[in-house]
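Read through the structure below, which is laid out as structure tokens, and then see the notes.
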2 protein chains.
Amino acid sequence: MTDLLQVAKLAGVSRATAARAFSAPELVREETRNKVLAASEQLSFRPNHIARQLRTQSSRTLGVLLPSLSNPVFAEQLQAMEVASQQSGYALLIATSDYQTQREADIVENMLRQRVDGLVLTVANADSSRLLVSLRREAVPVVLVHNAPASLTLPSVCVDNRQAVRQATDRLLALGHRRIGMIAGPVVQSDRALLRYQGYCDAMANAGLNPAPMLEMPSHTRSDFQTLQPALKGSQAMTALICTNDLLAISVMGELQRAGYQVPQQISIIGFDGIDIGRLVYPSLTSVVQPLQQMGTAAIAHLLALIDEQKPEPVQPLQTALRLGESIAPPPAFLF
Amino acid sequence: MTDLLQVAKLAGVSRATAARAFSAPELVREETRNKVLAASEQLSFRPNHIARQLRTQSSRTLGVLLPSLSNPVFAEQLQAMEVASQQSGYALLIATSDYQTQREADIVENMLRQRVDGLVLTVANADSSRLLVSLRREAVPVVLVHNAPASLTLPSVCVDNRQAVRQATDRLLALGHRRIGMIAGPVVQSDRALLRYQGYCDAMANAGLNPAPMLEMPSHTRSDFQTLQPALKGSQAMTALICTNDLLAISVMGELQRAGYQVPQQISIIGFDGIDIGRLVYPSLTSVVQPLQQMGTAAIAHLLALIDEQKPEPVQPLQTALRLGESIAPPPAFLF
DNA sequence: TTGTAGGCGTTATCAG
DNA sequence: CTGATAACGCCTACAA
């Protein structure tokens with residue numbers, strides 16, 4: 001691989017000048033610069049970013065850790081982050097943890113060895129994360145997405161999960177529902193699921209109703225009819241179900257229809273996340289929309305500001321909106 | 001940031017020995033190694049991969065270029081690639097092109113400057129890509145995913161798109177459908193869409209029927225009812241629609257149901273890709289399943305083999321399977 | 001088993 | 001505006 005020295009020789013200048021032609025063209029006379037560029041062309045020279053990074057002590061690379069890419073929530077957020085960082089001239093190193101604490105730690109350690117200029121993390125459970133604590137000792141700027149640890153202070157781009165679900169639940173209550181259930185994936189693995197459940201409990205309690213225990217599905221993204229069934233029969237059968245994420249909601253909706261239930265006539269469904277596909281299905285999914293693009297963009301913007309040592313404004317919790325779809329209606333036989 | 005020299009000093013050994021304690025522990029006496037590790041612990045030393053990469057001329061990083069992450073096809077494939085490369089100790093640098101040729105080129109150039117050890121590319125249109133031609137001159141190993149250029153030879157992990165759609169169409173024909181249409185996103189942007197259309201044409205011609213012109217939606221992933229409508233009315237109204245991807249199919253299915261059509265009783269829908277969510281919706285989507293995980297894994301495996309200069313077996317086209325869902329049925333009023 | 005020393009390809013400093 | 005030179009942090013012959 002040809003290097004700057006070769007280019008310099010061919011162009012008849014010093015290494016320093018050749019280097020400047022690339023990294024600070026305005027410091028070089030146009031004529032000289034052209035000679036260098038011509039030479040570099042001829043040798044098909046390509047600047048070595050690794051060497052540059054070593055020398056400048058800056059990698060212009062960001063590390064992104066996500067639980068998974070199979071859930072469109074993370075994929076859509078990553079999409080936005082990628083665009084934002086590409087625009088700012090930063091590359092993205094990504095890795096997935098599958099919600100495993102050990103992998104979270106290993107991945108971050110590797111990214112630090114790679115000397116990323118900043119980290120965007122979404123961890124399984126922020127409050128029980130030793131990783132986040134230890135990161136506070138590091139110099140590297142960190143932004144959390146989706147996690148809002150109660151105990152420690154790290155900039156965090158997220159929505160008010162609890163409040164959002166409370167509002168969604170209120171909506172169902174206003175429609176006349178009384179027997180409302182909540183469905184999640186493996187709860188211990190996600191701090192978000194818990195917050196969302198609390199929001200549901202808030203609303204139920206406020207309406208003088210007993211919150212039902214969480215229905216816990218074996219998978220984050222797929223419902224299991226066995227687990228679902230008890231909630232559907234007897235005099236206490238649910239008339240509405242809130243799911244902790246959209247994939248789960250779409251799945252529940254599908255299973256219900258397959259089992260002969262009418263959605264929303266017999267049972268209403270609400271999801272959380274507002275992924276695009278929720279609008280495509282029929283009935284379209286009513287969902288608590290997180291501004292995923294905005295979250296991705298905000299995370300990168302904040303991180304870059306931290307890197308530039310501008311003390312950025314603290315991140316504000318972003319607004320959710322309840323997107324009304326075709327999946328909710330008043331409960332059956334409900335008359336005002 | 002502390003470096004090896006500091007560690008060496010504290011441990012009372014030379015720089016070389018300290019280095020070896022990390023990169024080749026077996027060459028160092030256990031006692032010495034422990035001293036080094038203790039010192040490194042105490043100084044919270046972290047090996048600098050940038051320096052190592054410069055020295056060893058190997059980044060242990062792979063570059064991945066995808067059109068977008070908003071489509072679960074790419075996200076699911078990336079998920080598999082990430083797991084595979086993490087297992088092999090490679091990091092992943094990713095970027096999205098939004099199907100823009102210029103961005104494809106810029107991204108690859110940057111990755112080469114970053115001295116990635118290999119590239120996994122999915123380009124908009126492989127046959128019209130100057131990028132791929134110019135890459136042939138580079139030393140860097142490249143694997144294509146989803147693209148199978150007709151003209152030039154690059155290892156490519158993909159399925160036989162044409163044949164797969166032909167079989168899907170045959171299935172509809174066997175059910176008794178005669179008026180079958182095909183729906184795509186912006187065709188010029190995707191070589192896959194075209195191949196899939198050809199497969200449809202093959203099947204129609206083989207059955208002695210006239211293929212209908214492609215219905216081209218403005219978006220890759222969302223149907224537009226205006227565009228769809230003409231295909232639904234008149235004596236030539238379609239009884240079945242094949243979509244070039246699942247997101248489009250789910251969207252079409254939703255719009256149809258919303259407009260009062262019964263799927264599949266009045267109209268059958270088939271998608272392409274086999275993304276997970278297709279199984280969750282109701283009716284579940286009949287789809288040509290690409291083995292996305294397998295494709296991701298195979299791409300990484302092949303690339304790593306190329307990097308190790310093992311001449312790997314040429315990649316075989318992977319098998320698709322028509323996953324039968326609830327979205328197809330015989331055409332209305334069709335009697336055997 | 002350990003030490004010495006040179007260089008990977010840049011950029012930054014300081015002179016000229 | 002340009003050139004010489006010394007790092008950046010690590011690895012790896014080669015020598016001891």
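Quick note on naming: the chains in the structure tokens go A, B, ... in the order shown, residues restart at 1 in each chain, and ligands are numbered from 1 in order of appearance.
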
Contacts between chain A and chain C, please, where a residue of chain C counts if it comes within 8 Å (with only C-alpha atoms (C1' of nucleotides)); show its shortest atom pair and distance in Å to one decimal, rows by chain and ascending number, as a Markdown table.
```
| residue | atom | partner | partner_atom | distance |
| --- | --- | --- | --- | --- |
| C:DC8 | C1' | A:Ala51 | CA | 8.0 |
| C:DG9 | C1' | A:Ala51 | CA | 5.0 |
| C:DT10 | C1' | A:Arg52 | CA | 4.7 |
| C:DT11 | C1' | A:Arg55 | CA | 6.0 |
```

Checklist entry - Which parts of range 2-240 of chain A does DSSP call helix (DSSP H, G or I) when run on the backbone here, written out as a VMD selection string? => result chain A and resid 4 to 11 15 to 23 25 to 27 30 to 42 49 to 56 72 to 87 101 to 113 130 to 135 161 to 174 187 to 189 191 to 206 225 to 232

Please produce a file of those selected residues containing C-alpha atoms, as a short mmCIF file (atom, residue, chain, number, x, y, z; two decimals), in the first residue's frame.
```cif
data_model
loop_
_atom_site.label_atom_id
_atom_site.label_comp_id
_atom_site.auth_asym_id
_atom_site.auth_seq_id
_atom_site.Cartn_x
_atom_site.Cartn_y
_atom_site.Cartn_z
CA LEU A 4 2.34 9.63 1.85
CA LEU A 5 6.07 9.36 1.46
CA GLN A 6 5.73 7.77 -1.95
CA VAL A 7 3.30 10.44 -2.99
CA ALA A 8 5.62 13.12 -1.72
CA LYS A 9 8.54 11.71 -3.64
CA LEU A 10 6.62 11.50 -6.87
CA ALA A 11 5.31 15.01 -6.41
CA ARG A 15 6.13 14.30 3.36
CA ALA A 16 4.80 17.16 5.40
CA THR A 17 3.61 19.04 2.38
CA ALA A 18 1.98 16.00 0.91
CA ALA A 19 0.17 15.45 4.17
CA ARG A 20 -1.00 19.02 4.28
CA ALA A 21 -2.40 18.77 0.80
CA PHE A 22 -4.94 16.43 2.31
CA SER A 23 -5.50 17.52 5.86
CA PRO A 25 -5.27 22.12 1.72
CA GLU A 26 -5.53 25.85 2.38
CA LEU A 27 -2.00 25.88 3.76
CA GLU A 30 -2.55 25.53 -5.31
CA GLU A 31 0.10 24.50 -7.75
CA THR A 32 1.86 22.35 -5.18
CA ARG A 33 -1.40 20.88 -4.05
CA ASN A 34 -2.27 19.84 -7.57
CA LYS A 35 1.07 18.16 -8.00
CA VAL A 36 0.43 16.19 -4.84
CA LEU A 37 -3.08 15.25 -5.83
CA ALA A 38 -1.90 14.14 -9.24
CA ALA A 39 0.79 11.98 -7.72
CA SER A 40 -1.62 10.49 -5.25
CA GLU A 41 -4.03 9.74 -8.05
CA GLN A 42 -1.33 8.06 -10.05
CA HIS A 49 -7.18 6.59 8.84
CA ILE A 50 -5.69 4.23 11.35
CA ALA A 51 -2.41 6.09 11.30
CA ARG A 52 -4.21 9.39 11.39
CA GLN A 53 -6.28 8.30 14.36
CA LEU A 54 -3.22 7.18 16.23
CA ARG A 55 -1.49 10.44 15.59
CA THR A 56 -4.44 12.71 16.28
CA PRO A 72 -37.61 -2.58 14.42
CA VAL A 73 -37.54 -0.15 17.32
CA PHE A 74 -33.82 -0.49 17.56
CA ALA A 75 -33.33 -0.77 13.84
CA GLU A 76 -35.27 2.42 13.16
CA GLN A 77 -33.41 4.25 15.87
CA LEU A 78 -30.10 3.00 14.53
CA GLN A 79 -31.10 4.09 11.05
CA ALA A 80 -31.54 7.65 12.31
CA MET A 81 -28.29 7.56 14.25
CA GLU A 82 -26.41 6.30 11.24
CA VAL A 83 -27.67 9.12 9.05
CA ALA A 84 -26.89 11.71 11.71
CA SER A 85 -23.38 10.52 12.32
CA GLN A 86 -22.61 10.06 8.66
CA GLN A 87 -23.59 13.69 8.16
CA THR A 101 -25.10 -8.16 30.75
CA GLN A 102 -21.82 -9.90 30.15
CA ARG A 103 -21.89 -9.15 26.47
CA GLU A 104 -22.75 -5.55 27.16
CA ALA A 105 -19.59 -5.24 29.20
CA ASP A 106 -17.37 -7.04 26.72
CA ILE A 107 -18.65 -5.01 23.83
CA VAL A 108 -18.08 -1.71 25.57
CA GLU A 109 -14.61 -2.77 26.63
CA ASN A 110 -13.77 -3.55 23.04
CA MET A 111 -15.13 -0.27 21.83
CA LEU A 112 -13.01 1.55 24.36
CA ARG A 113 -9.94 -0.32 23.17
CA ARG A 130 -22.46 -2.36 36.94
CA LEU A 131 -21.25 -1.36 33.52
CA LEU A 132 -22.82 2.07 33.66
CA VAL A 133 -21.34 2.71 37.07
CA SER A 134 -17.87 1.83 35.90
CA LEU A 135 -18.30 3.94 32.79
CA ASN A 161 -42.64 5.43 29.75
CA ARG A 162 -44.72 5.41 32.86
CA GLN A 163 -46.69 8.51 32.07
CA ALA A 164 -47.20 7.43 28.48
CA VAL A 165 -48.77 4.12 29.41
CA ARG A 166 -50.83 5.81 32.04
CA GLN A 167 -52.34 8.00 29.36
CA ALA A 168 -52.91 5.08 27.07
CA THR A 169 -54.67 3.25 29.85
CA ASP A 170 -56.74 6.31 30.62
CA ARG A 171 -57.87 6.29 27.04
CA LEU A 172 -59.16 2.77 27.38
CA LEU A 173 -60.85 3.66 30.64
CA ALA A 174 -62.52 6.61 28.95
CA VAL A 187 -39.75 -8.59 32.43
CA VAL A 188 -36.51 -8.99 34.29
CA GLN A 189 -34.67 -8.29 31.07
CA ASP A 191 -36.37 -1.89 32.68
CA ARG A 192 -38.76 -0.28 30.20
CA ALA A 193 -41.34 -3.02 30.56
CA LEU A 194 -41.49 -2.44 34.28
CA LEU A 195 -41.95 1.31 33.99
CA ARG A 196 -44.71 0.75 31.50
CA TYR A 197 -46.44 -1.64 33.84
CA GLN A 198 -46.27 0.93 36.59
CA GLY A 199 -47.97 3.47 34.35
CA TYR A 200 -50.77 1.01 33.80
CA CYS A 201 -51.06 0.43 37.55
CA ASP A 202 -51.19 4.17 38.16
CA ALA A 203 -54.11 4.59 35.82
CA MET A 204 -56.00 1.60 37.15
CA ALA A 205 -55.54 2.65 40.75
CA ASN A 206 -56.58 6.16 39.91
CA PHE A 225 -51.62 -18.26 23.02
CA GLN A 226 -51.29 -20.62 25.98
CA THR A 227 -50.15 -17.78 28.16
CA LEU A 228 -52.78 -15.49 26.75
CA GLN A 229 -55.79 -17.74 27.09
CA PRO A 230 -56.55 -17.41 30.82
CA ALA A 231 -56.99 -13.68 30.35
CA LEU A 232 -59.69 -14.24 27.77
#
```

Checklist entry - What gap, in Å, lies between CA of Gly181 in chain B and CA of Gln236 in chain B? => result 10.5 Å

Next on the checklist: Show me, as a VMD selection string, every residue of chain D with an atom at most 10 Å from chain A, counting only C-alpha atoms (C1' of nucleotides).
Outcome noted: chain D and resid 1 to 4 7 to 9

Filtering to C-alpha atoms (C1' of nucleotides), could you give me those residues as a PDB file, in the first residue's frame?
```pdb
ATOM      1  C1'  DC D   1       4.488  28.394   2.017  1.00  0.00           C
ATOM      2  C1'  DT D   2       7.584  24.364   2.775  1.00  0.00           C
ATOM      3  C1'  DG D   3      10.836  21.080   5.034  1.00  0.00           C
ATOM      4  C1'  DA D   4      12.938  18.285   8.795  1.00  0.00           C
ATOM      5  C1'  DA D   7       6.049  11.560  18.297  1.00  0.00           C
ATOM      6  C1'  DC D   8       1.240   8.595  18.575  1.00  0.00           C
ATOM      7  C1'  DG D   9       1.232   3.155  21.099  1.00  0.00           C
TER       8       DG D   9
END
```

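With only C-alpha atoms as the atoms that count, the residue of A:Asp160, A:Asp127, A:Asp273, A:Glu255 with the shortest distance to chain B is A:Glu255.
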
Item to check | Nearest to chain A by atom-to-atom distance, counting only C-alpha atoms, from B:Leu66, B:Ile267, B:Ala91, B:Ala237 | outcome: B:Ala91

Next on the checklist: When you count only C-alpha atoms, which of these residues is closest to Ile250 in chain B: B:Arg115, B:Arg60, B:Arg222, B:His302?
Outcome noted: B:Arg222

Checklist entry - Which of these, A:Leu121, A:Val159, A:Leu280, A:Ala305, has the shortest distance to chain B once you count only C-alpha atoms? => result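 The answer is A:Leu280, which sits nearest to chain B.
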
Checklist entry - DSSP says strand (DSSP E or B) for which residues of range 185-296 of chain B? Put them as an MDAnalysis selection string? => result chainID B and resid 215:216 240:243 268:273 286:289

Checklist entry - Rounded to one decimal in Å, what is the spacing between CA of Ser327 in chain B and CA of Gln266 in chain B? => result 10.3 Å

Checklist entry - Taking only C-alpha atoms into account, which of B:Gly185, B:Gly260, B:Gly208, B:Pro218 comes nearest chain A? => result B:Gly260

Item to check | For Val289 in chain B: contacts at 8 Å, only C-alpha atoms (C1' of nucleotides), fewer than 6 positions along chain excluded, given as a PyMOL selection string | outcome: chain B and resi 272-275+320-323

Item to check | Nearest candidate to chain B (options A:Thr221, A:Ser129, A:Thr153, A:Ser251; using only C-alpha atoms) | outcome: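 Among the listed residues, the smallest separation from chain B belongs to A:Ser251.
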
Checklist entry - CA of Ala298 in chain B to CA of Gly63 in chain A: how many Å, to one decimal? => result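 Pair CA of Ala298 in chain B / CA of Gly63 in chain A returns 24.9 Å.
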